[in-house]
$ cat work.cif   # mmCIF, C-alpha atoms and all ligand atoms
data_run
loop_
_atom_site.group_PDB
_atom_site.id
_atom_site.type_symbol
_atom_site.label_atom_id
_atom_site.label_comp_id
_atom_site.auth_asym_id
_atom_site.auth_seq_id
_atom_site.Cartn_x
_atom_site.Cartn_y
_atom_site.Cartn_z
ATOM 1 C CA MET X 185 12.005 46.230 21.207
ATOM 2 C CA SER X 186 11.114 48.777 18.558
ATOM 3 C CA GLN X 187 9.313 48.740 15.251
ATOM 4 C CA HIS X 188 11.140 48.583 11.924
ATOM 5 C CA THR X 189 9.358 48.994 8.595
ATOM 6 C CA PHE X 190 10.846 48.124 5.212
ATOM 7 C CA GLN X 191 9.839 46.742 1.821
ATOM 8 C CA LEU X 192 10.351 43.006 1.513
ATOM 9 C CA ASN X 193 10.034 41.673 -2.024
ATOM 10 C CA GLY X 194 7.663 44.522 -2.872
ATOM 11 C CA ARG X 195 5.551 44.193 0.249
ATOM 12 C CA ARG X 196 5.650 46.572 3.204
ATOM 13 C CA VAL X 197 6.484 44.759 6.428
ATOM 14 C CA THR X 198 6.864 45.901 10.018
ATOM 15 C CA VAL X 199 8.666 43.882 12.674
ATOM 16 C CA ASP X 200 8.961 44.492 16.377
ATOM 17 C CA VAL X 201 12.486 43.493 17.405
ATOM 18 C CA ASP X 202 15.566 45.066 18.984
ATOM 19 C CA ASP X 203 17.511 47.460 16.737
ATOM 20 C CA ASP X 204 20.589 45.271 16.587
ATOM 21 C CA VAL X 205 18.881 42.018 15.592
ATOM 22 C CA ARG X 206 20.475 40.946 12.331
ATOM 23 C CA LEU X 207 18.347 41.023 9.210
ATOM 24 C CA LEU X 208 18.974 37.329 8.500
ATOM 25 C CA TRP X 209 17.217 36.310 11.709
ATOM 26 C CA VAL X 210 14.376 38.737 11.072
ATOM 27 C CA LEU X 211 13.864 37.286 7.606
ATOM 28 C CA ARG X 212 14.075 33.638 8.624
ATOM 29 C CA ASP X 213 12.672 33.538 12.152
ATOM 30 C CA VAL X 214 10.248 36.460 12.262
ATOM 31 C CA LEU X 215 9.034 36.682 8.660
ATOM 32 C CA GLY X 216 9.433 33.032 7.619
ATOM 33 C CA VAL X 217 11.531 33.798 4.536
ATOM 34 C CA HIS X 218 14.014 30.931 4.313
ATOM 35 C CA GLY X 219 15.805 31.547 0.998
ATOM 36 C CA PRO X 220 18.662 33.425 2.677
ATOM 37 C CA LYS X 221 20.780 30.794 4.440
ATOM 38 C CA TYR X 222 22.695 30.813 7.693
ATOM 39 C CA GLY X 223 26.205 29.513 7.097
ATOM 40 C CA CYS X 224 28.735 31.277 9.311
ATOM 41 C CA GLY X 225 27.075 34.335 10.825
ATOM 42 C CA ILE X 226 30.299 36.335 10.565
ATOM 43 C CA ASN X 227 30.339 37.611 6.974
ATOM 44 C CA VAL X 228 32.575 34.886 5.577
ATOM 45 C CA CYS X 229 30.501 32.379 3.590
ATOM 46 C CA LYS X 230 28.010 34.878 2.022
ATOM 47 C CA ALA X 231 25.182 32.301 2.054
ATOM 48 C CA CYS X 232 22.910 34.942 3.602
ATOM 49 C CA THR X 233 23.340 37.483 0.780
ATOM 50 C CA CYS X 234 20.280 39.528 -0.226
ATOM 51 C CA LEU X 235 19.808 42.869 -1.938
ATOM 52 C CA VAL X 236 19.158 46.075 -0.030
ATOM 53 C CA ASN X 237 18.222 48.839 -2.447
ATOM 54 C CA ASN X 238 19.649 46.673 -5.243
ATOM 55 C CA LYS X 239 23.031 46.236 -3.574
ATOM 56 C CA ALA X 240 24.224 42.843 -2.330
ATOM 57 C CA VAL X 241 24.629 42.744 1.456
ATOM 58 C CA GLN X 242 25.326 40.020 3.968
ATOM 59 C CA THR X 243 22.249 39.907 6.142
ATOM 60 C CA CYS X 244 23.949 38.039 8.999
ATOM 61 C CA VAL X 245 25.859 41.220 9.847
ATOM 62 C CA THR X 246 23.211 43.779 8.863
ATOM 63 C CA PRO X 247 21.221 45.196 11.799
ATOM 64 C CA VAL X 248 17.531 45.404 11.009
ATOM 65 C CA SER X 249 17.535 49.061 12.047
ATOM 66 C CA SER X 250 19.787 49.855 9.056
ATOM 67 C CA VAL X 251 17.204 48.742 6.472
ATOM 68 C CA ALA X 252 14.331 50.887 7.730
ATOM 69 C CA GLY X 253 12.522 52.402 4.741
ATOM 70 C CA LYS X 254 14.669 50.452 2.262
ATOM 71 C CA ARG X 255 13.896 47.750 -0.310
ATOM 72 C CA VAL X 256 15.012 44.274 0.709
ATOM 73 C CA THR X 257 14.992 41.583 -1.984
ATOM 74 C CA THR X 258 15.521 37.909 -1.251
ATOM 75 C CA ILE X 259 15.673 35.021 -3.708
ATOM 76 C CA GLU X 260 11.910 34.672 -3.208
ATOM 77 C CA GLY X 261 11.392 38.112 -4.759
ATOM 78 C CA LEU X 262 13.485 37.690 -7.914
ATOM 79 C CA ALA X 263 11.080 36.003 -10.303
ATOM 80 C CA ASP X 264 8.385 37.984 -12.089
ATOM 81 C CA GLY X 265 5.383 35.766 -11.479
ATOM 82 C CA ASP X 266 6.076 32.523 -13.327
ATOM 83 C CA THR X 267 9.001 34.050 -15.216
ATOM 84 C CA LEU X 268 12.344 33.410 -13.603
ATOM 85 C CA HIS X 269 14.929 36.157 -13.343
ATOM 86 C CA PRO X 270 17.542 35.708 -16.118
ATOM 87 C CA VAL X 271 20.144 34.730 -13.526
ATOM 88 C CA GLN X 272 17.863 32.038 -12.102
ATOM 89 C CA GLN X 273 17.144 30.784 -15.625
ATOM 90 C CA ALA X 274 20.850 30.603 -16.475
ATOM 91 C CA TRP X 275 21.444 28.660 -13.250
ATOM 92 C CA LEU X 276 18.842 26.126 -14.374
ATOM 93 C CA ASP X 277 20.022 26.020 -17.986
ATOM 94 C CA LEU X 278 23.601 25.293 -16.942
ATOM 95 C CA ASP X 279 22.681 22.992 -14.063
ATOM 96 C CA VAL X 280 24.675 25.086 -11.601
ATOM 97 C CA PRO X 281 23.358 23.908 -8.199
ATOM 98 C CA GLN X 282 24.564 20.741 -6.528
ATOM 99 C CA CYS X 283 23.262 20.507 -2.940
ATOM 100 C CA GLY X 284 21.881 24.015 -3.432
ATOM 101 C CA PHE X 285 22.594 25.388 0.036
ATOM 102 C CA CYS X 286 24.822 28.254 -1.083
ATOM 103 C CA GLN X 287 22.930 29.043 -4.254
ATOM 104 C CA PRO X 288 20.417 31.692 -3.081
ATOM 105 C CA GLY X 289 23.356 33.720 -1.799
ATOM 106 C CA GLN X 290 25.339 33.083 -4.990
ATOM 107 C CA ILE X 291 22.442 34.184 -7.178
ATOM 108 C CA MET X 292 21.656 37.297 -5.150
ATOM 109 C CA ASN X 293 25.292 38.340 -5.215
ATOM 110 C CA VAL X 294 25.450 37.869 -8.988
ATOM 111 C CA VAL X 295 22.232 39.840 -9.460
ATOM 112 C CA GLY X 296 23.822 42.646 -7.437
ATOM 113 C CA LEU X 297 27.020 42.399 -9.487
ATOM 114 C CA LEU X 298 25.139 42.589 -12.794
ATOM 115 C CA LYS X 299 23.168 45.602 -11.588
ATOM 116 C CA ALA X 300 26.465 47.356 -10.921
ATOM 117 C CA LYS X 301 28.313 46.004 -13.999
ATOM 118 C CA ARG X 302 26.512 44.702 -17.051
ATOM 119 C CA ASN X 303 29.547 42.910 -18.400
ATOM 120 C CA PRO X 304 31.695 41.777 -15.483
ATOM 121 C CA SER X 305 35.298 40.840 -16.207
ATOM 122 C CA ASP X 306 36.956 37.617 -15.104
ATOM 123 C CA ALA X 307 38.544 39.655 -12.315
ATOM 124 C CA ASP X 308 35.093 40.815 -11.184
ATOM 125 C CA ILE X 309 33.924 37.198 -11.123
ATOM 126 C CA ASP X 310 37.095 36.104 -9.324
ATOM 127 C CA ALA X 311 36.302 38.705 -6.652
ATOM 128 C CA ILE X 312 33.035 36.971 -5.712
ATOM 129 C CA GLU X 313 33.577 35.604 -2.229
ATOM 130 C CA ASN X 314 30.538 33.339 -1.866
ATOM 131 C CA MET X 315 31.661 29.897 -0.749
ATOM 132 C CA CYS X 316 30.395 26.668 -2.310
ATOM 133 C CA ARG X 317 31.335 23.405 -0.655
ATOM 134 C CA CYS X 318 30.166 21.534 -3.750
ATOM 135 C CA GLY X 319 32.609 23.428 -5.941
ATOM 136 C CA THR X 320 30.182 24.829 -8.510
ATOM 137 C CA TYR X 321 32.446 27.788 -9.245
ATOM 138 C CA GLY X 322 33.115 26.856 -12.884
ATOM 139 C CA ARG X 323 29.434 26.617 -13.738
ATOM 140 C CA ILE X 324 28.698 29.836 -11.849
ATOM 141 C CA ARG X 325 31.253 31.588 -14.051
ATOM 142 C CA GLN X 326 29.665 30.143 -17.196
ATOM 143 C CA ALA X 327 26.192 31.181 -16.044
ATOM 144 C CA ILE X 328 27.301 34.748 -15.310
ATOM 145 C CA LYS X 329 28.849 35.011 -18.767
ATOM 146 C CA LYS X 330 25.691 33.605 -20.371
ATOM 147 C CA VAL X 331 23.495 36.197 -18.650
ATOM 148 C CA ALA X 332 25.894 39.045 -19.389
ATOM 149 C CA ALA X 333 26.082 38.081 -23.079
ATOM 150 C CA ALA X 334 22.290 38.125 -23.352
ATOM 151 C CA MET X 335 21.867 41.498 -21.659
ATOM 152 C CA PRO X 336 20.783 44.364 -23.943
HETATM 153 S S1 LIG G 1 25.910 33.518 7.061
HETATM 154 FE FE1 LIG G 1 26.270 35.554 6.412
HETATM 155 S S2 LIG G 1 28.241 35.494 5.525
HETATM 156 FE FE2 LIG G 1 27.937 33.467 6.284
HETATM 157 S S1 LIG G 2 25.837 23.870 -4.229
HETATM 158 FE FE1 LIG G 2 26.332 22.833 -2.380
HETATM 159 S S2 LIG G 2 27.360 24.343 -1.202
HETATM 160 FE FE2 LIG G 2 27.117 25.256 -3.135
#

$ encode --input "work.cif" --output "structure tokens" --more "lines below"
Ligand code: FES
Ligand code: FES
Amino acid sequence: MSQHTFQLNGRRVTVDVDDDVRLLWVLRDVLGVHGPKYGCGINVCKACTCLVNNKAVQTCVTPVSSVAGKRVTTIEGLADGDTLHPVQQAWLDLDVPQCGFCQPGQIMNVVGLLKAKRNPSDADIDAIENMCRCGTYGRIRQAIKKVAAAMP
């Protein structure tokens, strides 16, 4: 075991786990942060997506040792107090979620996409690999376009 310190949703945290423990398990089982979901564990479904230094990563394949000193943001850290992040608000406005299981990963990936590209093309949206068994892809596309159109 060794200690790993990083910023989690603006708060400094230190965990004592082996270097190769994946971030998803540290978040869920050690730190009790359950927004990131376990779907496949092999970087296929993307349900575990969070931001590391503002870039979307799949936490099921990210060793905790690789985020030392970095900023980790989960769905729990997106809102500003009572004010939802614009992506969260668009998801609500357009009624995107069905069962909801995949949605934290979907939202975090879209937040990462919009940080990299303010006005993503249809091809950029097509390249999103997050899986949704409920088939909310059409509404996700509409919500992304709504947020992008409202961005300054
Ligand atoms: S749980 Fe990480 S990609 Fe599926
Ligand atoms: S909303 Fe059910 S899996 Fe995506």

$ residues_around --input "work.cif" --residues "Val201 in chain X" --least-positions-apart "4" --cutoff "10 Å" --atoms "only C-alpha atoms" --output "ChimeraX atom specification"
/X:185-188,205-206,210,214,248-249

$ residues_near_ligand --input "work.cif" --ligand "ligand LIG 2 (chain G)" --cutoff "10 Å" --atoms "only C-alpha atoms and all ligand atoms" --output "list in words"
Gly223, Cys229, Ala231, Val280, Pro281, Gln282, Cys283, Gly284, Phe285, Cys286, Gln287, Pro288, Gly289, Gln290, Asn314, Met315, Cys316, Arg317, Cys318, Gly319, Thr320, Tyr321 and Ile324 of chain X

$ closest_atom_pairs --input "work.cif" --of "chain X" --to "ligand LIG 1 (chain G)" --cutoff "8 Å" --atoms "all atoms listed in the file" --output "tab-separated table"
residue	atom	partner	partner_atom	distance
X:Leu208	CA	G:LIG1	FE1	7.8
X:Lys221	CA	G:LIG1	S1	6.4
X:Tyr222	CA	G:LIG1	S1	4.2
X:Gly223	CA	G:LIG1	S1	4.0
X:Cys224	CA	G:LIG1	FE2	3.8
X:Gly225	CA	G:LIG1	S1	4.0
X:Ile226	CA	G:LIG1	S2	5.5
X:Asn227	CA	G:LIG1	S2	3.3
X:Val228	CA	G:LIG1	S2	4.4
X:Cys229	CA	G:LIG1	FE2	3.9
X:Lys230	CA	G:LIG1	S2	3.6
X:Ala231	CA	G:LIG1	FE2	5.2
X:Cys232	CA	G:LIG1	FE1	4.4
X:Thr233	CA	G:LIG1	FE1	6.6
X:Gln242	CA	G:LIG1	FE1	5.2
X:Thr243	CA	G:LIG1	FE1	5.9
X:Cys244	CA	G:LIG1	FE1	4.3
X:Val245	CA	G:LIG1	FE1	6.6

$ residues_around --input "work.cif" --residues "Lys330 in chain X" --least-positions-apart "6" --cutoff "10 Å" --atoms "all atoms listed in the file" --output "PDB file with C-alpha atoms, in the coordinates of the input"
ATOM      1  CA  PRO X 270      17.542  35.708 -16.118  1.00  0.00           C
ATOM      2  CA  VAL X 271      20.144  34.730 -13.526  1.00  0.00           C
ATOM      3  CA  ALA X 274      20.850  30.603 -16.475  1.00  0.00           C
ATOM      4  CA  TRP X 275      21.444  28.660 -13.250  1.00  0.00           C
ATOM      5  CA  ASP X 277      20.022  26.020 -17.986  1.00  0.00           C
ATOM      6  CA  LEU X 278      23.601  25.293 -16.942  1.00  0.00           C
ATOM      7  CA  ILE X 324      28.698  29.836 -11.849  1.00  0.00           C
TER       8      ILE X 324
END

$ resolve_selection --input "work.cif" --expression "the PyMOL selection byres (((chain X and resi 197) around 12) and not hetatm)" --output "list in words"
Gln187, His188, Thr189, Phe190, Gln191, Leu192, Asn193, Gly194, Arg195, Arg196, Thr198, Val199, Asp200, Val210, Leu211, Val214, Leu215, Val248, Val251, Ala252, Gly253, Lys254, Arg255 and Val256 of chain X

$ write_last_selection --input "work.cif" --atoms "C-alpha atoms" --output "PDB file, keeping the file's coordinate frame"
ATOM      1  CA  GLN X 187       9.313  48.740  15.251  1.00  0.00           C
ATOM      2  CA  HIS X 188      11.140  48.583  11.924  1.00  0.00           C
ATOM      3  CA  THR X 189       9.358  48.994   8.595  1.00  0.00           C
ATOM      4  CA  PHE X 190      10.846  48.124   5.212  1.00  0.00           C
ATOM      5  CA  GLN X 191       9.839  46.742   1.821  1.00  0.00           C
ATOM      6  CA  LEU X 192      10.351  43.006   1.513  1.00  0.00           C
ATOM      7  CA  ASN X 193      10.034  41.673  -2.024  1.00  0.00           C
ATOM      8  CA  GLY X 194       7.663  44.522  -2.872  1.00  0.00           C
ATOM      9  CA  ARG X 195       5.551  44.193   0.249  1.00  0.00           C
ATOM     10  CA  ARG X 196       5.650  46.572   3.204  1.00  0.00           C
ATOM     11  CA  THR X 198       6.864  45.901  10.018  1.00  0.00           C
ATOM     12  CA  VAL X 199       8.666  43.882  12.674  1.00  0.00           C
ATOM     13  CA  ASP X 200       8.961  44.492  16.377  1.00  0.00           C
ATOM     14  CA  VAL X 210      14.376  38.737  11.072  1.00  0.00           C
ATOM     15  CA  LEU X 211      13.864  37.286   7.606  1.00  0.00           C
ATOM     16  CA  VAL X 214      10.248  36.460  12.262  1.00  0.00           C
ATOM     17  CA  LEU X 215       9.034  36.682   8.660  1.00  0.00           C
ATOM     18  CA  VAL X 248      17.531  45.404  11.009  1.00  0.00           C
ATOM     19  CA  VAL X 251      17.204  48.742   6.472  1.00  0.00           C
ATOM     20  CA  ALA X 252      14.331  50.887   7.730  1.00  0.00           C
ATOM     21  CA  GLY X 253      12.522  52.402   4.741  1.00  0.00           C
ATOM     22  CA  LYS X 254      14.669  50.452   2.262  1.00  0.00           C
ATOM     23  CA  ARG X 255      13.896  47.750  -0.310  1.00  0.00           C
ATOM     24  CA  VAL X 256      15.012  44.274   0.709  1.00  0.00           C
TER      25      VAL X 256
END

$ resolve_selection --input "work.cif" --expression "the PyMOL selection byres (((chain X and resi 299) around 12) and not hetatm)" --output "NGL selection string"
:X and (235 or 237-240 or 271 or 292-298 or 300-304 or 331-332 or 335)
